[in-house]
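Shown below: query-v3.cif, with mmCIF, C-alpha atoms and all ligand atoms.
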```
data_entry
loop_
_atom_site.label_atom_id
_atom_site.label_comp_id
_atom_site.auth_asym_id
_atom_site.auth_seq_id
_atom_site.Cartn_x
_atom_site.Cartn_y
_atom_site.Cartn_z
CA MET A 8 -31.58 2.60 -14.70
CA SER A 9 -29.38 5.58 -15.36
CA ALA A 10 -27.08 5.77 -18.34
CA ALA A 11 -23.45 6.79 -17.98
CA THR A 12 -22.44 7.40 -14.38
CA LEU A 13 -20.93 10.82 -13.88
CA PRO A 14 -19.74 11.81 -10.43
CA THR A 15 -22.26 14.62 -10.50
CA ASP A 16 -25.18 12.20 -10.83
CA THR A 17 -23.77 9.50 -8.59
CA LEU A 18 -22.47 11.49 -5.65
CA ASP A 19 -25.07 11.71 -2.91
CA PHE A 20 -25.42 12.01 0.87
CA THR A 21 -23.63 8.66 1.37
CA HIS A 22 -20.36 10.24 0.20
CA ASP A 23 -20.48 13.13 2.68
CA ALA A 24 -17.03 13.16 4.29
CA THR A 25 -18.42 14.39 7.60
CA LEU A 26 -20.70 11.35 8.07
CA ARG A 27 -19.75 9.25 11.10
CA ALA A 28 -20.96 5.83 12.21
CA TRP A 29 -22.17 4.97 15.70
CA LEU A 30 -19.45 2.30 15.64
CA ALA A 31 -16.16 3.88 16.80
CA SER A 32 -13.93 1.56 14.73
CA ALA A 33 -15.55 2.89 11.53
CA ASN A 34 -14.47 6.45 12.35
CA THR A 35 -10.74 5.84 12.74
CA LEU A 36 -8.37 7.18 10.09
CA GLU A 37 -6.80 3.74 9.57
CA THR A 38 -9.94 1.77 8.71
CA ASP A 39 -10.55 0.65 5.13
CA PHE A 40 -14.26 0.48 5.90
CA PRO A 41 -15.75 3.83 7.01
CA ILE A 42 -19.48 4.43 6.53
CA GLN A 43 -18.72 5.88 3.07
CA ASN A 44 -17.46 2.47 1.78
CA LEU A 45 -19.95 -0.32 2.69
CA PRO A 46 -18.48 -3.19 0.60
CA LEU A 47 -20.27 -6.54 0.27
CA GLY A 48 -18.96 -10.03 0.97
CA MET A 49 -19.92 -13.56 2.05
CA PHE A 50 -18.93 -14.58 5.58
CA ARG A 51 -19.64 -16.87 8.51
CA ARG A 52 -18.21 -17.34 11.99
CA ALA A 53 -14.75 -18.92 11.58
CA GLY A 54 -14.72 -22.63 12.22
CA SER A 55 -18.52 -22.91 12.22
CA GLN A 56 -20.70 -24.98 9.89
CA GLU A 57 -23.08 -22.06 9.32
CA ASN A 58 -24.09 -21.13 5.78
CA PHE A 59 -21.98 -18.37 4.31
CA ARG A 60 -24.24 -15.30 4.23
CA PRO A 61 -24.09 -11.78 2.86
CA GLY A 62 -22.47 -9.07 4.95
CA VAL A 63 -21.22 -5.51 4.71
CA ALA A 64 -17.92 -4.43 6.28
CA ILE A 65 -18.07 -1.47 8.67
CA GLY A 66 -14.98 -0.59 10.73
CA ASP A 67 -13.75 -3.83 12.31
CA GLN A 68 -17.23 -5.42 12.18
CA ILE A 69 -19.55 -7.05 9.65
CA VAL A 70 -23.26 -6.27 9.36
CA ASP A 71 -25.01 -9.63 8.92
CA LEU A 72 -27.49 -8.41 6.32
CA LEU A 73 -30.04 -11.18 6.75
CA ALA A 74 -30.01 -10.75 10.54
CA ALA A 75 -30.38 -6.99 10.05
CA CYS A 76 -33.40 -7.58 7.80
CA ASP A 77 -34.93 -9.99 10.35
CA ALA A 78 -34.45 -7.36 13.06
CA GLY A 79 -36.33 -4.81 10.98
CA ALA A 80 -33.28 -2.55 10.72
CA LEU A 81 -33.45 -2.40 6.90
CA PRO A 82 -36.44 -1.58 4.66
CA LEU A 83 -38.63 -4.39 3.33
CA ALA A 84 -37.57 -3.68 -0.28
CA VAL A 85 -33.93 -4.27 0.70
CA ALA A 86 -34.86 -7.52 2.44
CA VAL A 87 -36.68 -8.65 -0.71
CA SER A 88 -33.65 -7.79 -2.89
CA LEU A 89 -31.41 -10.00 -0.70
CA ALA A 90 -33.84 -12.92 -0.54
CA GLY A 91 -31.91 -15.14 -2.97
CA CYS A 92 -28.57 -14.77 -1.15
CA ALA A 93 -29.04 -16.91 1.97
CA HIS A 94 -26.93 -19.81 0.70
CA GLY A 95 -23.54 -18.35 0.03
CA GLU A 96 -24.01 -16.63 -3.34
CA LEU A 97 -24.61 -12.95 -4.04
CA ASN A 98 -25.56 -13.56 -7.70
CA ALA A 99 -29.30 -12.98 -7.28
CA PHE A 100 -28.64 -9.59 -5.68
CA MET A 101 -25.92 -8.68 -8.19
CA ALA A 102 -28.25 -9.43 -11.13
CA GLN A 103 -30.68 -6.74 -9.98
CA GLY A 104 -28.28 -4.01 -11.01
CA ARG A 105 -27.61 -0.56 -9.70
CA ALA A 106 -31.00 0.32 -8.19
CA ALA A 107 -30.93 -2.53 -5.64
CA ARG A 108 -27.30 -1.73 -4.75
CA VAL A 109 -28.09 1.94 -4.20
CA ALA A 110 -31.15 1.12 -2.07
CA LEU A 111 -29.00 -1.09 0.20
CA ARG A 112 -26.29 1.59 0.39
CA HIS A 113 -28.78 4.31 1.30
CA ALA A 114 -30.46 2.15 3.95
CA LEU A 115 -27.15 1.18 5.59
CA SER A 116 -25.87 4.75 5.48
CA HIS A 117 -28.95 5.81 7.47
CA SER A 118 -28.93 2.86 9.88
CA LEU A 119 -25.22 3.01 10.71
CA ARG A 120 -24.80 6.76 11.16
CA GLU A 121 -24.44 8.43 14.53
CA GLY A 122 -27.82 9.05 16.10
CA SER A 123 -29.68 6.45 14.00
CA ASP A 124 -32.89 5.02 15.48
CA HIS A 125 -31.78 1.61 14.15
CA GLN A 126 -28.67 1.27 16.31
CA ALA A 127 -30.32 -0.94 18.94
CA ALA A 128 -31.82 -3.24 16.30
CA LEU A 129 -28.61 -3.43 14.25
CA GLN A 130 -26.15 -3.95 17.11
CA PRO A 131 -26.98 -7.70 17.55
CA ALA A 132 -26.48 -8.22 13.79
CA LEU A 133 -22.77 -7.32 14.01
CA VAL A 134 -20.03 -9.97 13.82
CA ALA A 135 -16.38 -9.04 14.46
CA GLN A 136 -14.19 -9.40 11.35
CA ALA A 137 -11.57 -11.00 13.63
CA GLU A 138 -14.04 -13.87 14.26
CA ALA A 139 -15.15 -14.32 10.63
CA GLU A 140 -14.09 -16.37 7.63
CA TYR A 141 -14.98 -15.59 4.04
CA ALA A 142 -16.06 -17.30 0.83
CA VAL A 143 -15.75 -16.21 -2.79
CA PRO A 144 -18.76 -13.87 -2.71
CA CYS A 145 -20.64 -15.27 -5.67
CA ARG A 146 -20.76 -18.12 -8.15
CA ILE A 147 -18.25 -17.05 -10.81
CA GLY A 148 -19.58 -18.52 -14.03
CA ASP A 149 -16.83 -17.15 -16.22
CA TYR A 150 -13.54 -15.40 -15.59
CA THR A 151 -11.78 -13.28 -18.21
CA ASP A 152 -8.39 -11.71 -17.66
CA PHE A 153 -7.56 -8.56 -19.61
CA TYR A 154 -4.14 -6.99 -20.14
CA THR A 155 -4.82 -3.29 -19.58
CA GLY A 156 -1.51 -2.42 -17.89
CA ILE A 157 0.54 -1.01 -20.77
CA HIS A 158 3.74 -0.66 -18.73
CA HIS A 159 3.47 -4.33 -17.70
CA ALA A 160 2.68 -5.37 -21.29
CA THR A 161 5.69 -3.45 -22.60
CA THR A 162 8.18 -4.70 -19.98
CA VAL A 163 7.04 -8.33 -20.18
CA GLY A 164 6.88 -8.09 -23.96
CA LYS A 165 10.54 -7.01 -23.99
CA LEU A 166 11.49 -10.04 -21.87
CA PHE A 167 9.57 -12.53 -24.04
CA ARG A 168 10.17 -10.83 -27.42
CA PRO A 169 13.10 -8.38 -27.23
CA ASP A 170 12.65 -7.20 -30.82
CA ASN A 171 8.86 -6.89 -30.68
CA PRO A 172 7.67 -5.88 -27.17
CA LEU A 173 4.21 -4.39 -27.70
CA LEU A 174 2.20 -6.21 -30.37
CA PRO A 175 0.44 -3.97 -32.93
CA ASN A 176 -3.08 -4.81 -31.71
CA TYR A 177 -2.43 -3.57 -28.16
CA LYS A 178 -3.49 0.06 -28.66
CA TRP A 179 -6.65 -0.94 -30.57
CA VAL A 180 -8.01 -4.02 -28.78
CA PRO A 181 -8.53 -4.48 -25.03
CA ILE A 182 -6.61 -7.78 -25.11
CA GLY A 183 -7.86 -10.61 -22.90
CA TYR A 184 -8.23 -14.35 -22.61
CA HIS A 185 -10.75 -16.65 -20.98
CA GLY A 186 -9.37 -17.94 -17.70
CA ARG A 187 -10.59 -20.54 -15.26
CA ALA A 188 -13.12 -19.79 -12.49
CA SER A 189 -12.88 -23.02 -10.47
CA SER A 190 -9.49 -22.22 -8.93
CA ILE A 191 -10.35 -18.69 -7.79
CA GLY A 192 -10.16 -18.52 -3.99
CA VAL A 193 -10.70 -15.85 -1.39
CA SER A 194 -7.99 -14.10 0.65
CA GLY A 195 -6.27 -16.65 2.86
CA GLN A 196 -6.03 -19.07 -0.06
CA GLN A 197 -3.15 -21.56 0.19
CA PHE A 198 -2.06 -23.65 -2.77
CA VAL A 199 0.74 -26.07 -3.53
CA ARG A 200 3.44 -25.09 -5.95
CA PRO A 201 2.23 -26.34 -9.34
CA ARG A 202 4.08 -28.74 -11.63
CA GLY A 203 4.29 -28.20 -15.35
CA GLN A 204 6.32 -28.46 -18.53
CA THR A 205 9.22 -26.12 -18.95
CA LYS A 206 11.98 -25.86 -21.48
CA GLY A 207 15.01 -23.72 -20.92
CA PRO A 208 16.65 -21.95 -23.88
CA ASN A 209 19.51 -24.48 -23.91
CA ASP A 210 17.43 -27.62 -23.30
CA ASP A 211 16.79 -30.09 -26.13
CA VAL A 212 13.51 -31.33 -24.67
CA PRO A 213 11.11 -30.02 -22.01
CA VAL A 214 10.89 -31.45 -18.51
CA LEU A 215 8.05 -31.72 -15.96
CA HIS A 216 8.81 -30.21 -12.58
CA PRO A 217 7.52 -27.74 -9.96
CA THR A 218 7.63 -24.18 -11.24
CA GLN A 219 10.87 -22.38 -10.44
CA ARG A 220 9.50 -19.01 -11.50
CA LEU A 221 6.32 -18.57 -9.45
CA ASP A 222 5.05 -14.99 -9.63
CA TYR A 223 2.14 -12.84 -8.49
CA GLU A 224 0.21 -10.29 -10.58
CA LEU A 225 -1.19 -7.12 -8.97
CA GLU A 226 -4.65 -6.75 -10.51
CA LEU A 227 -8.14 -5.52 -9.83
CA GLY A 228 -11.16 -7.69 -10.62
CA VAL A 229 -14.46 -6.25 -11.84
CA PHE A 230 -17.56 -8.22 -10.85
CA VAL A 231 -20.40 -8.10 -13.36
CA GLY A 232 -23.83 -7.19 -11.95
CA GLN A 233 -26.65 -7.19 -14.46
CA GLY A 234 -25.86 -9.40 -17.47
CA ASN A 235 -26.78 -9.03 -21.15
CA ALA A 236 -28.67 -11.37 -23.45
CA LEU A 237 -26.66 -13.42 -25.95
CA GLY A 238 -26.47 -11.39 -29.14
CA ASP A 239 -27.03 -7.99 -27.45
CA PRO A 240 -23.77 -5.99 -27.19
CA ILE A 241 -23.48 -3.49 -24.33
CA PRO A 242 -22.70 0.01 -25.67
CA MET A 243 -20.32 2.34 -23.82
CA ALA A 244 -23.21 4.50 -22.56
CA GLN A 245 -24.58 1.53 -20.58
CA ALA A 246 -21.39 -0.36 -19.80
CA GLU A 247 -21.01 0.74 -16.19
CA ASP A 248 -24.62 -0.18 -15.42
CA HIS A 249 -23.36 -3.76 -15.77
CA ALA A 250 -20.44 -3.38 -13.34
CA PHE A 251 -21.20 -4.33 -9.73
CA GLY A 252 -17.93 -3.47 -8.03
CA LEU A 253 -14.23 -4.22 -7.69
CA VAL A 254 -11.98 -6.55 -5.71
CA LEU A 255 -8.23 -7.07 -5.59
CA LEU A 256 -7.05 -9.99 -7.70
CA ASN A 257 -3.74 -11.84 -7.53
CA ASP A 258 -3.36 -13.76 -10.78
CA TRP A 259 -0.62 -16.19 -9.68
CA SER A 260 1.56 -17.11 -12.64
CA ALA A 261 4.22 -19.74 -13.37
CA ARG A 262 6.53 -17.81 -15.70
CA ASP A 263 8.53 -20.84 -16.84
CA PHE A 264 5.37 -22.72 -17.91
CA GLN A 265 4.05 -19.51 -19.49
CA ALA A 266 7.13 -18.88 -21.64
CA TRP A 267 6.96 -22.42 -23.08
CA GLU A 268 3.19 -22.77 -23.57
CA TYR A 269 1.81 -19.31 -24.39
CA GLN A 270 2.15 -19.41 -28.17
CA PRO A 271 -0.04 -19.69 -30.17
CA LEU A 272 -3.16 -19.70 -27.96
CA GLY A 273 -2.14 -17.74 -24.86
CA PRO A 274 -2.02 -18.54 -21.12
CA PHE A 275 -3.16 -21.97 -19.96
CA LEU A 276 -1.63 -24.03 -17.13
CA ALA A 277 0.69 -21.15 -16.17
CA LYS A 278 -2.33 -19.29 -14.82
CA ASN A 279 -5.15 -21.66 -13.83
CA PHE A 280 -3.80 -23.35 -10.68
CA ALA A 281 -4.85 -20.53 -8.30
CA SER A 282 -6.09 -16.93 -8.34
CA THR A 283 -6.83 -15.04 -5.12
CA ILE A 284 -9.39 -12.27 -4.61
CA SER A 285 -10.09 -9.99 -1.62
CA PRO A 286 -13.30 -10.83 0.27
CA TRP A 287 -15.03 -7.44 -0.01
CA ILE A 288 -16.55 -6.11 -3.23
CA VAL A 289 -16.17 -2.32 -3.23
CA THR A 290 -19.20 -1.11 -5.17
CA MET A 291 -19.16 1.27 -8.12
CA GLU A 292 -21.08 3.73 -5.90
CA ALA A 293 -18.37 3.69 -3.23
CA LEU A 294 -15.80 4.39 -5.97
CA ALA A 295 -17.74 7.34 -7.45
CA PRO A 296 -15.60 10.05 -5.78
CA PHE A 297 -12.41 8.54 -7.17
CA ARG A 298 -13.14 8.75 -10.91
CA ALA A 299 -10.37 9.99 -13.18
CA PRO A 300 -10.13 11.06 -16.83
CA PHE A 301 -9.23 8.42 -19.38
CA MET A 302 -6.01 9.63 -20.98
CA ARG A 303 -3.87 8.60 -23.90
CA GLU A 304 -0.31 9.73 -24.60
CA ALA A 305 0.06 12.13 -27.52
CA GLY A 306 0.47 10.13 -30.73
CA ASP A 307 -1.48 7.10 -29.50
CA PRO A 308 -4.56 6.24 -31.58
CA SER A 309 -8.01 7.23 -30.33
CA PRO A 310 -10.16 4.20 -29.50
CA LEU A 311 -12.54 3.10 -32.25
CA PRO A 312 -15.93 4.83 -31.86
CA TYR A 313 -17.58 1.82 -30.20
CA LEU A 314 -14.97 2.07 -27.38
CA ASP A 315 -15.22 5.84 -27.01
CA SER A 316 -17.61 8.19 -25.21
CA ASP A 317 -17.52 11.65 -23.64
CA SER A 318 -18.25 10.18 -20.26
CA ASN A 319 -15.41 7.68 -20.62
CA ARG A 320 -12.95 10.40 -21.61
CA GLN A 321 -14.02 12.63 -18.71
CA GLN A 322 -14.16 10.05 -15.95
CA GLY A 323 -13.80 6.49 -17.24
CA GLY A 324 -10.70 5.88 -15.11
CA LEU A 325 -10.46 5.07 -11.41
CA ASP A 326 -7.75 6.47 -9.16
CA ILE A 327 -7.10 3.45 -6.94
CA GLY A 328 -3.70 3.29 -5.24
CA LEU A 329 -2.32 -0.27 -5.28
CA GLU A 330 0.45 -1.97 -3.35
CA VAL A 331 1.94 -5.42 -3.00
CA LEU A 332 3.70 -6.77 0.08
CA ILE A 333 5.55 -9.96 0.96
CA GLN A 334 5.87 -11.87 4.22
CA THR A 335 8.33 -14.73 3.95
CA GLN A 336 8.37 -17.74 6.25
CA ALA A 337 11.48 -16.32 7.97
CA MET A 338 9.78 -12.95 8.46
CA ARG A 339 6.74 -14.66 9.96
CA ALA A 340 8.91 -16.74 12.30
CA ALA A 341 10.74 -13.60 13.45
CA GLY A 342 7.47 -11.72 14.01
CA LEU A 343 8.28 -9.22 11.24
CA PRO A 344 5.41 -7.48 9.44
CA PRO A 345 4.93 -7.77 5.64
CA GLU A 346 7.33 -5.66 3.56
CA ARG A 347 6.18 -3.58 0.61
CA LEU A 348 7.53 -4.60 -2.80
CA SER A 349 5.92 -1.94 -4.99
CA GLN A 350 3.13 0.60 -5.45
CA SER A 351 1.15 1.65 -8.53
CA SER A 352 -2.23 3.12 -9.49
CA TYR A 353 -5.16 1.77 -11.49
CA ARG A 354 -5.32 5.27 -12.98
CA ASP A 355 -2.54 4.19 -15.38
CA ALA A 356 -4.65 1.43 -17.01
CA TYR A 357 -4.73 1.71 -20.81
CA TRP A 358 -8.39 0.58 -21.02
CA THR A 359 -11.24 1.40 -18.62
CA VAL A 360 -13.86 -0.80 -16.92
CA ALA A 361 -16.46 0.42 -19.43
CA GLN A 362 -14.20 -0.41 -22.39
CA MET A 363 -13.56 -3.93 -21.06
CA ILE A 364 -17.31 -4.58 -20.73
CA THR A 365 -18.20 -3.07 -24.11
CA HIS A 366 -15.40 -4.86 -25.94
CA HIS A 367 -16.20 -8.19 -24.27
CA THR A 368 -19.78 -8.03 -25.57
CA VAL A 369 -19.25 -6.35 -28.96
CA ASN A 370 -19.58 -9.73 -30.69
CA GLY A 371 -22.76 -10.52 -28.75
CA CYS A 372 -21.05 -12.51 -25.98
CA ASN A 373 -23.31 -12.66 -22.94
CA LEU A 374 -21.95 -11.60 -19.56
CA GLN A 375 -23.71 -12.96 -16.51
CA ALA A 376 -24.10 -11.75 -12.93
CA GLY A 377 -21.03 -12.87 -10.98
CA ASP A 378 -18.65 -13.02 -13.94
CA LEU A 379 -15.20 -11.70 -13.08
CA LEU A 380 -13.09 -9.50 -15.38
CA GLY A 381 -9.43 -9.15 -14.37
CA SER A 382 -7.71 -5.86 -15.20
CA GLY A 383 -4.34 -7.37 -16.05
CA THR A 384 -1.22 -6.50 -14.07
CA GLN A 385 -1.16 -2.86 -13.03
CA SER A 386 2.43 -1.64 -13.21
CA GLY A 387 3.37 2.04 -13.10
CA LYS A 388 5.69 3.78 -15.52
CA LYS A 389 8.78 3.51 -13.30
CA PRO A 390 10.53 0.13 -12.93
CA GLU A 391 10.03 0.16 -9.14
CA GLN A 392 6.24 0.45 -9.68
CA ALA A 393 6.02 -2.97 -11.32
CA GLY A 394 3.15 -5.27 -10.34
CA SER A 395 5.02 -8.57 -10.72
CA LEU A 396 8.36 -10.07 -9.68
CA LEU A 397 9.11 -10.90 -13.32
CA GLU A 398 9.40 -7.16 -13.89
CA LEU A 399 10.95 -6.21 -10.52
CA SER A 400 13.72 -8.81 -10.96
CA ALA A 401 14.27 -8.02 -14.67
CA GLY A 402 13.20 -11.49 -15.75
CA GLY A 403 14.80 -13.21 -12.74
CA LYS A 404 18.23 -11.69 -13.39
CA ILE A 405 18.41 -9.15 -10.52
CA PRO A 406 17.30 -10.44 -7.10
CA LEU A 407 15.50 -8.11 -4.71
CA THR A 408 17.02 -7.83 -1.24
CA LEU A 409 14.50 -7.68 1.61
CA ALA A 410 15.08 -5.76 4.85
CA ASN A 411 15.99 -8.98 6.74
CA GLY A 412 18.67 -9.82 4.14
CA GLU A 413 16.70 -12.49 2.27
CA THR A 414 16.62 -12.21 -1.51
CA ARG A 415 13.89 -13.02 -4.02
CA THR A 416 13.68 -13.31 -7.76
CA PHE A 417 10.43 -15.31 -7.61
CA VAL A 418 8.02 -16.49 -4.89
CA GLN A 419 9.41 -19.18 -2.54
CA ASP A 420 7.55 -21.86 -0.56
CA GLY A 421 5.94 -20.37 2.55
CA ASP A 422 5.86 -16.82 1.17
CA SER A 423 2.63 -14.86 1.61
CA ILE A 424 1.83 -12.16 -0.93
CA ILE A 425 -0.57 -9.43 0.15
CA LEU A 426 -2.28 -6.94 -2.17
CA ARG A 427 -3.83 -3.75 -0.81
CA ALA A 428 -5.71 -0.82 -2.37
CA HIS A 429 -6.76 2.62 -1.16
CA CYS A 430 -8.65 5.53 -2.68
CA GLN A 431 -7.96 9.07 -1.52
CA ARG A 432 -9.23 12.40 -2.73
CA SER A 433 -9.30 15.78 -1.08
CA GLY A 434 -12.77 16.53 0.27
CA PHE A 435 -13.74 12.85 0.51
CA ARG A 436 -13.33 10.10 3.07
CA SER A 437 -10.58 7.62 2.10
CA ILE A 438 -11.67 4.02 1.59
CA GLY A 439 -9.78 0.75 1.21
CA PHE A 440 -10.30 -2.78 -0.09
CA GLY A 441 -8.99 -4.90 2.82
CA ASP A 442 -6.24 -7.48 2.29
CA CYS A 443 -5.95 -9.97 -0.56
CA GLN A 444 -3.50 -12.53 0.88
CA GLY A 445 -2.37 -15.84 -0.55
CA GLN A 446 0.37 -18.31 0.33
CA VAL A 447 2.27 -20.93 -1.64
CA LEU A 448 3.09 -24.29 -0.05
CA GLU A 449 5.72 -26.74 -1.22
CA ALA A 450 4.97 -28.91 -4.24
CA LYS A 451 3.39 -32.31 -3.63
CA ALA A 452 5.90 -35.14 -3.66
MN MN A 501 -3.09 -11.63 -15.32
#
```
Please express what this file holds, its structure, as structure tokens.
Ligand code: MN
Amino acid sequence: MSAATLPTDTLDFTHDATLRAWLASANTLETDFPIQNLPLGMFRRAGSQENFRPGVAIGDQIVDLLAACDAGALPLAVAVSLAGCAHGELNAFMAQGRAARVALRHALSHSLREGSDHQAALQPALVAQAEAEYAVPCRIGDYTDFYTGIHHATTVGKLFRPDNPLLPNYKWVPIGYHGRASSIGVSGQQFVRPRGQTKGPNDDVPVLHPTQRLDYELELGVFVGQGNALGDPIPMAQAEDHAFGLVLLNDWSARDFQAWEYQPLGPFLAKNFASTISPWIVTMEALAPFRAPFMREAGDPSPLPYLDSDSNRQQGGLDIGLEVLIQTQAMRAAGLPPERLSQSSYRDAYWTVAQMITHHTVNGCNLQAGDLLGSGTQSGKKPEQAGSLLELSAGGKIPLTLANGETRTFVQDGDSIILRAHCQRSGFRSIGFGDCQGQVLEAKA
């Protein structure tokens, strides 16, 4: 297993921008899934009772990996590495770490490229994405949500504590809390508007009612690959060997519950009723061309030595363009497409993937294959780059007006929220994450 992953040691033939697949839909400019991406997910034919099984997105199709192995289109070693994944969970494959992931990537890059001898064997193993449904790709044992978006932390801090927006630990500690894994769903997730306790500033006592301040949070999720033994911290030099890949994550939040309950122990029922992830895990290898330096503003403290490394400073960041869109019930009825609410970049995160992993384990805490680490809301520096409605509406005071004339301060019943992400860099093929879509339904009577 290699130590720190520098682009120079991780870029290989699979990143060649001139590579083309024998599948035309993978060669279009619009696709999120060219042959340079090859993200993993769990799928089956929609409406069937088949087991969910591992697949890789390519163009508008999915390679059914187990069918491809059966057809002899992938090497035996790759088939062996996928053996534990036939029943809807990628954990056994994820736990094998980087080498197994790279072997699969190399094999698929060869089998799917124009002129490959494997085309005839692989063709019957394709399933159209339009005919598929997805599952959460692995058993998520534990879910931790960090708070690495400093612009979000500052803006929300001002709303909750006008005199004290950014707490003094923020620039020293990658702040996080332990969330709940059971309510994480895959894109397409629908959930009913949650009920909870709220107390307005002028109320004498709290009341129980459906949230009136339902919000989304634009986040990325990092899936853990190889775990660590209890008591064995992961140093920065090895941190990324434990990262499997990234998904989009919408950390739905009830701001009225949150404001009332969050002190002294942090988020609880405001956050655990639903969280939505995109179906495809974009691997660390696919993201290798899009690394970025880890930067701090002049005057900010340097991270403590255990959270610092040359490699992290040079390329610990990831330049992933993010956007959030809304499609209201009225827009859907009128046949209108989703409308963009904001755009930001993961490049602005205050702490990197490696720092989240190293900090999480510095006390000996054991991460396990399939654990999910949320990045926290990724807002840009400008107000219009905010990754939540709480920020975009200035705490619910200034409604946004949509193109069809509707207004929003928070999410309304029937609204769909869609997160998207794209990576672009000159000299490399652009890749995307696919949609992360979720919809809120009216509260139960
Ligand atoms: Mn969050």
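With distances restricted to all atoms listed in the file, A:Gly183 is the closest residue to ligand MN 501 (chain A) from A:Gly445, A:Gly183, A:Pro131, A:Gly434.
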Exercise for review: Would you kindly return, as number ranges by chain, each protein, DNA or RNA residue with an atom no farther than 12 Å from any atom of Asn44 (chain A), considering only C-alpha atoms and excluding same-chain residues fewer than 2 positions away?
Suggested key: A: 21-24, 26-28, 33-34, 38-42, 46-47, 63-66, 112-113, 115-116, 119, 252, 287-297, 429-430, 435-441
Restricted to C-alpha atoms, what would the selected residues look like written as a PDB file, in the coordinates of the input?
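Result file part_39.pdb:
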```
ATOM      1  CA  THR A  21     -23.630   8.660   1.370  1.00  0.00           C
ATOM      2  CA  HIS A  22     -20.360  10.240   0.200  1.00  0.00           C
ATOM      3  CA  ASP A  23     -20.480  13.130   2.680  1.00  0.00           C
ATOM      4  CA  ALA A  24     -17.030  13.160   4.290  1.00  0.00           C
ATOM      5  CA  LEU A  26     -20.700  11.350   8.070  1.00  0.00           C
ATOM      6  CA  ARG A  27     -19.750   9.250  11.100  1.00  0.00           C
ATOM      7  CA  ALA A  28     -20.960   5.830  12.210  1.00  0.00           C
ATOM      8  CA  ALA A  33     -15.550   2.890  11.530  1.00  0.00           C
ATOM      9  CA  ASN A  34     -14.470   6.450  12.350  1.00  0.00           C
ATOM     10  CA  THR A  38      -9.940   1.770   8.710  1.00  0.00           C
ATOM     11  CA  ASP A  39     -10.550   0.650   5.130  1.00  0.00           C
ATOM     12  CA  PHE A  40     -14.260   0.480   5.900  1.00  0.00           C
ATOM     13  CA  PRO A  41     -15.750   3.830   7.010  1.00  0.00           C
ATOM     14  CA  ILE A  42     -19.480   4.430   6.530  1.00  0.00           C
ATOM     15  CA  PRO A  46     -18.480  -3.190   0.600  1.00  0.00           C
ATOM     16  CA  LEU A  47     -20.270  -6.540   0.270  1.00  0.00           C
ATOM     17  CA  VAL A  63     -21.220  -5.510   4.710  1.00  0.00           C
ATOM     18  CA  ALA A  64     -17.920  -4.430   6.280  1.00  0.00           C
ATOM     19  CA  ILE A  65     -18.070  -1.470   8.670  1.00  0.00           C
ATOM     20  CA  GLY A  66     -14.980  -0.590  10.730  1.00  0.00           C
ATOM     21  CA  ARG A 112     -26.290   1.590   0.390  1.00  0.00           C
ATOM     22  CA  HIS A 113     -28.780   4.310   1.300  1.00  0.00           C
ATOM     23  CA  LEU A 115     -27.150   1.180   5.590  1.00  0.00           C
ATOM     24  CA  SER A 116     -25.870   4.750   5.480  1.00  0.00           C
ATOM     25  CA  LEU A 119     -25.220   3.010  10.710  1.00  0.00           C
ATOM     26  CA  GLY A 252     -17.930  -3.470  -8.030  1.00  0.00           C
ATOM     27  CA  TRP A 287     -15.030  -7.440  -0.010  1.00  0.00           C
ATOM     28  CA  ILE A 288     -16.550  -6.110  -3.230  1.00  0.00           C
ATOM     29  CA  VAL A 289     -16.170  -2.320  -3.230  1.00  0.00           C
ATOM     30  CA  THR A 290     -19.200  -1.110  -5.170  1.00  0.00           C
ATOM     31  CA  MET A 291     -19.160   1.270  -8.120  1.00  0.00           C
ATOM     32  CA  GLU A 292     -21.080   3.730  -5.900  1.00  0.00           C
ATOM     33  CA  ALA A 293     -18.370   3.690  -3.230  1.00  0.00           C
ATOM     34  CA  LEU A 294     -15.800   4.390  -5.970  1.00  0.00           C
ATOM     35  CA  ALA A 295     -17.740   7.340  -7.450  1.00  0.00           C
ATOM     36  CA  PRO A 296     -15.600  10.050  -5.780  1.00  0.00           C
ATOM     37  CA  PHE A 297     -12.410   8.540  -7.170  1.00  0.00           C
ATOM     38  CA  HIS A 429      -6.760   2.620  -1.160  1.00  0.00           C
ATOM     39  CA  CYS A 430      -8.650   5.530  -2.680  1.00  0.00           C
ATOM     40  CA  PHE A 435     -13.740  12.850   0.510  1.00  0.00           C
ATOM     41  CA  ARG A 436     -13.330  10.100   3.070  1.00  0.00           C
ATOM     42  CA  SER A 437     -10.580   7.620   2.100  1.00  0.00           C
ATOM     43  CA  ILE A 438     -11.670   4.020   1.590  1.00  0.00           C
ATOM     44  CA  GLY A 439      -9.780   0.750   1.210  1.00  0.00           C
ATOM     45  CA  PHE A 440     -10.300  -2.780  -0.090  1.00  0.00           C
ATOM     46  CA  GLY A 441      -8.990  -4.900   2.820  1.00  0.00           C
TER      47      GLY A 441
END
```
Revision key, fill the gap. One decimal place gives the CA of Asn257 (chain A)-CA of Ala188 (chain A) separation as 13.3 Å
Exercise for review: Could you please extract the residues within 12 Å of ligand MN 501 (chain A), counting only C-alpha atoms and all ligand atoms, and hand them back as an MDAnalysis selection string?
Suggested key: chainID A and resid 150:156 159:160 163 182:187 222:228 255:262 265 273:275 277:279 281:283 380:386 394:395
Check your understanding: Could you work out how far CA of Ile157 (chain A) lies from CA of Tyr357 (chain A), giving the answer in Å with one decimal?
Key -> 5.9 Å
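The list of residues with at least one atom within 7 Å of Phe280 (chain A), based on all atoms listed in the file and without residues fewer than 2 positions apart in the same chain, reads Ser190, Pro201, Leu276 and Lys278 of chain A.
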